[in-house]
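Shown below: work-v6.csv, with CSV, C-alpha atoms.
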```csv
chain,number,residue,atom,x,y,z
A,1272,MET,CA,-6.3,-5.1,16.8
A,1273,CYS,CA,-4.7,-7.4,14.2
A,1274,GLU,CA,-6.5,-10.4,15.8
A,1275,GLY,CA,-8.0,-12.8,13.2
A,1276,ILE,CA,-6.4,-11.1,10.2
A,1277,VAL,CA,-4.7,-13.5,7.7
A,1278,ILE,CA,-2.4,-12.1,5.1
A,1279,ARG,CA,-2.1,-14.3,2.0
A,1280,GLN,CA,-1.1,-14.1,-1.7
A,1281,GLY,CA,-3.9,-12.4,-3.7
A,1282,GLY,CA,-5.3,-14.1,-6.8
A,1283,GLU,CA,-7.8,-13.9,-9.6
A,1284,GLU,CA,-10.6,-14.8,-7.1
A,1285,ASP,CA,-9.8,-11.6,-5.1
A,1286,LEU,CA,-9.9,-9.1,-8.0
A,1287,ALA,CA,-13.6,-8.2,-7.8
A,1288,ARG,CA,-13.4,-7.5,-4.1
A,1289,VAL,CA,-10.2,-5.5,-4.6
A,1290,ALA,CA,-11.9,-3.4,-7.3
A,1291,GLU,CA,-14.7,-2.7,-4.8
A,1292,ILE,CA,-12.3,-1.6,-2.1
A,1293,GLN,CA,-10.6,0.7,-4.7
A,1294,ARG,CA,-14.0,2.2,-5.7
A,1295,ARG,CA,-14.8,2.9,-2.1
A,1296,SER,CA,-11.3,4.4,-1.5
A,1297,PRO,CA,-11.0,7.2,-4.1
A,1298,GLU,CA,-7.8,8.5,-2.3
A,1299,ALA,CA,-6.0,5.3,-3.1
A,1300,SER,CA,-4.3,4.6,-6.4
A,1301,GLN,CA,-6.8,3.4,-9.0
A,1302,TRP,CA,-5.0,0.7,-10.9
A,1303,GLU,CA,-6.6,-2.0,-13.0
A,1304,PRO,CA,-6.8,-4.8,-10.4
A,1305,ARG,CA,-5.7,-7.5,-12.9
A,1306,ASP,CA,-2.4,-5.6,-13.2
A,1307,TYR,CA,-1.7,-6.5,-9.5
A,1308,LEU,CA,-1.2,-10.1,-10.4
A,1309,ALA,CA,2.1,-9.3,-12.0
A,1310,HIS,CA,3.5,-8.0,-8.7
A,1311,ASP,CA,3.7,-9.0,-5.0
A,1312,PHE,CA,-0.1,-8.8,-4.5
A,1313,ARG,CA,-1.3,-9.6,-0.9
A,1314,VAL,CA,-4.8,-9.5,0.7
A,1315,ALA,CA,-5.8,-9.2,4.3
A,1316,GLU,CA,-8.7,-11.4,5.2
A,1317,ARG,CA,-10.7,-11.7,8.3
A,1318,GLY,CA,-13.5,-14.2,8.7
A,1319,GLY,CA,-13.2,-15.2,5.1
A,1320,ARG,CA,-13.7,-11.6,3.8
A,1321,VAL,CA,-11.0,-9.5,2.1
A,1322,GLU,CA,-10.7,-6.3,4.1
A,1323,GLY,CA,-7.7,-4.8,2.4
A,1324,PHE,CA,-4.8,-5.4,0.1
A,1325,SER,CA,-1.2,-4.3,-0.8
A,1326,VAL,CA,0.8,-4.4,-3.9
A,1327,ALA,CA,4.6,-4.1,-4.0
A,1328,ARG,CA,7.5,-4.7,-6.3
A,1329,ARG,CA,11.2,-5.3,-5.7
A,1330,LEU,CA,13.4,-2.7,-7.5
A,1331,LEU,CA,16.8,-3.9,-6.3
A,1332,PRO,CA,17.9,-6.6,-3.8
A,1333,ASP,CA,17.4,-4.2,-0.9
A,1334,GLU,CA,14.9,-1.7,-2.3
A,1335,SER,CA,11.2,-2.1,-3.0
A,1336,GLU,CA,8.2,0.1,-3.9
A,1337,LEU,CA,4.8,-0.1,-2.3
A,1338,LEU,CA,2.5,0.5,-5.3
A,1339,ASN,CA,-0.8,0.5,-3.4
A,1340,LEU,CA,-2.3,-0.3,0.0
A,1341,ALA,CA,-6.0,0.1,0.6
A,1342,VAL,CA,-8.4,-0.9,3.3
A,1343,ASP,CA,-12.1,-1.1,3.0
A,1344,PRO,CA,-13.5,2.1,4.7
A,1345,ASP,CA,-15.7,0.0,6.9
A,1346,CYS,CA,-12.6,-1.9,8.2
A,1347,ARG,CA,-10.3,1.0,8.9
A,1348,ARG,CA,-8.6,1.5,12.3
A,1349,ARG,CA,-8.9,-2.2,13.1
A,1350,GLY,CA,-5.3,-3.2,12.3
A,1351,VAL,CA,-5.7,-4.2,8.7
A,1352,GLY,CA,-3.3,-1.6,7.3
A,1353,THR,CA,-0.8,-2.3,10.0
A,1354,ALA,CA,-1.0,-6.1,9.4
A,1355,LEU,CA,-0.4,-5.5,5.6
A,1356,ALA,CA,2.6,-3.2,6.4
A,1357,ARG,CA,4.2,-5.8,8.7
A,1358,ASP,CA,3.8,-8.4,6.0
A,1359,LEU,CA,5.5,-6.0,3.6
A,1360,TYR,CA,8.4,-5.5,5.9
A,1361,ALA,CA,8.9,-9.3,6.3
A,1362,ARG,CA,8.8,-9.8,2.5
A,1363,HIS,CA,10.7,-6.7,1.4
A,1364,PRO,CA,13.6,-6.0,3.8
A,1365,GLY,CA,15.7,-2.9,3.1
A,1366,CYS,CA,14.3,0.4,1.8
A,1367,VAL,CA,10.7,0.7,0.9
A,1368,TYR,CA,9.5,3.7,-1.1
A,1369,LEU,CA,5.9,4.9,-1.8
A,1370,GLU,CA,4.1,7.9,-3.2
A,1371,VAL,CA,0.9,9.3,-1.6
A,1372,ARG,CA,-1.3,12.2,-2.7
A,1373,GLU,CA,-0.4,15.5,-1.0
A,1374,SER,CA,-4.0,15.9,0.1
A,1375,ASN,CA,-4.2,12.4,1.7
A,1376,GLU,CA,-3.3,13.5,5.3
A,1377,ALA,CA,-4.7,10.3,6.8
A,1378,ALA,CA,-2.4,8.1,4.8
A,1379,ARG,CA,0.6,10.3,5.3
A,1380,LYS,CA,0.0,10.2,9.1
A,1381,PHE,CA,-0.5,6.4,9.0
A,1382,TYR,CA,2.8,5.9,7.0
A,1383,LYS,CA,4.7,8.1,9.4
A,1384,THR,CA,3.5,6.0,12.4
A,1385,LEU,CA,5.0,3.0,10.6
A,1386,GLY,CA,8.3,4.8,10.3
A,1387,PHE,CA,8.2,6.2,6.8
A,1388,LYS,CA,9.8,9.6,6.3
A,1389,GLU,CA,8.8,12.2,3.7
A,1390,LEU,CA,11.6,12.9,1.2
A,1391,ALA,CA,10.2,15.1,-1.6
A,1392,VAL,CA,7.2,16.1,-3.6
A,1393,ARG,CA,6.6,15.1,-7.2
A,1394,PRO,CA,4.5,17.9,-8.7
A,1395,HIS,CA,1.5,17.0,-10.9
A,1396,TYR,CA,2.2,13.2,-10.3
A,1397,TYR,CA,-1.5,12.3,-10.0
A,1398,GLN,CA,-4.5,12.9,-12.3
A,1399,ASN,CA,-8.2,13.0,-11.5
A,1400,PRO,CA,-7.7,15.3,-9.6
A,1401,ALA,CA,-4.3,16.6,-10.6
A,1402,GLU,CA,-2.0,17.0,-7.6
A,1403,GLY,CA,1.5,16.3,-6.3
A,1404,ALA,CA,2.8,13.1,-4.8
A,1405,VAL,CA,4.7,13.0,-1.5
A,1406,VAL,CA,7.6,10.5,-1.8
A,1407,MET,CA,8.2,8.6,1.4
A,1408,ARG,CA,10.8,6.0,2.4
A,1409,LEU,CA,11.1,3.5,5.2
A,1410,ARG,CA,14.6,2.4,5.9
A,1411,SER,CA,15.0,-0.8,7.8
A,1412,CYS,CA,18.3,-2.0,9.3
A,1413,TYR,CA,19.0,-3.8,6.1
A,1414,CYS,CA,19.0,-0.7,3.9
A,1415,HIS,CA,22.2,1.0,2.7
A,1416,LYS,CA,22.3,4.8,3.1
```
Conversion result in structure tokens:
Amino acid sequence: MCEGIVIRQGGEEDLARVAEIQRRSPEASQWEPRDYLAHDFRVAERGGRVEGFSVARRLLPDESELLNLAVDPDCRRRGVGTALARDLYARHPGCVYLEVRESNEAARKFYKTLGFKELAVRPHYYQNPAEGAVVMRLRSCYCHK
């Protein structure tokens, strides 16, 4: 399913497409795409077209946070999210944390299939609409307790 997907560093030239993917993915975090350039911003491309993206940041030498991961709705269930997650693991060994909307059952299920565990709920974390965030963690073999 991941056949033909290339993961590369995202850049200015990708921001319009990333903004479009965000608009088409209201369940994803809605950041200002330009802000992604300050972080580990990666895009998944197939056939020269960006199909998804991820944004992460390192918090400690063995701890990172996945800030956003979104796949164009027309490209879902074709390995794009999995390819982005594999790239994340390779670039950010140790513990990886993320928050996801409580109502986003599809994303929660997806992250669980990748090995993430639900840790806690942060009430009123998200706006528009207001709802809690489920905090999840993936602990690789490099992560301390």
Which residues are near region 1292-1301 of chain A? Cut-off 10 Å, only C-alpha atoms, ignore same chain within fewer than 6 positions. Put them as JSON, numbers by chain. {"A": [1286, 1321, 1322, 1323, 1324, 1338, 1339, 1340, 1341, 1342, 1343, 1344, 1345, 1370, 1371, 1372, 1374, 1375, 1377, 1378, 1397, 1399, 1400]}
Select, from A:Ile1278, A:Leu1369, A:Ala1361, A:Ala1327, the residue with the minimum atom-to-atom distance to Val1406 (chain A), counting only C-alpha atoms. A:Leu1369
Which residues, written as a PyMOL selection string, have at least one atom at most 12 Å from region 1407-1411 of chain A, with all atoms listed in the file counted and residues fewer than 3 positions away on the same chain left out? chain A and resi 1333-1338+1356-1357+1359-1361+1363-1373+1378-1393+1404+1414-1416
Quick one, how far is CA of Asp1306 (chain A) from CA of Asp1285 (chain A)?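 Going from CA of Asp1306 (chain A) over to CA of Asp1285 (chain A), I get 12.5 Å.
The space separating CA of Trp1302 (chain A) from CA of Val1289 (chain A) comes to 10.3 Å.
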At what distance in Å, to one decimal, does CA of Tyr1307 (chain A) lie from CA of Glu1283 (chain A)?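 CA of Glu1283 (chain A) sits 9.6 Å away from CA of Tyr1307 (chain A).
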Return the single residue from A:Ile1276, A:Arg1305, A:Leu1331, A:Leu1355 that is closest to Gly1319 (chain A), with distances computed using all atoms listed in the file.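 Of the candidates, the smallest distance to Gly1319 (chain A) is held by A:Ile1276.
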Using all atoms listed in the file, find the one residue out of A:Gly1350, A:Ala1287, A:Gly1281, A:Ala1401 that sits nearest to Ser1325 (chain A).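 When distances to Ser1325 (chain A) are compared using all atoms listed in the file, the smallest one comes from A:Gly1281.
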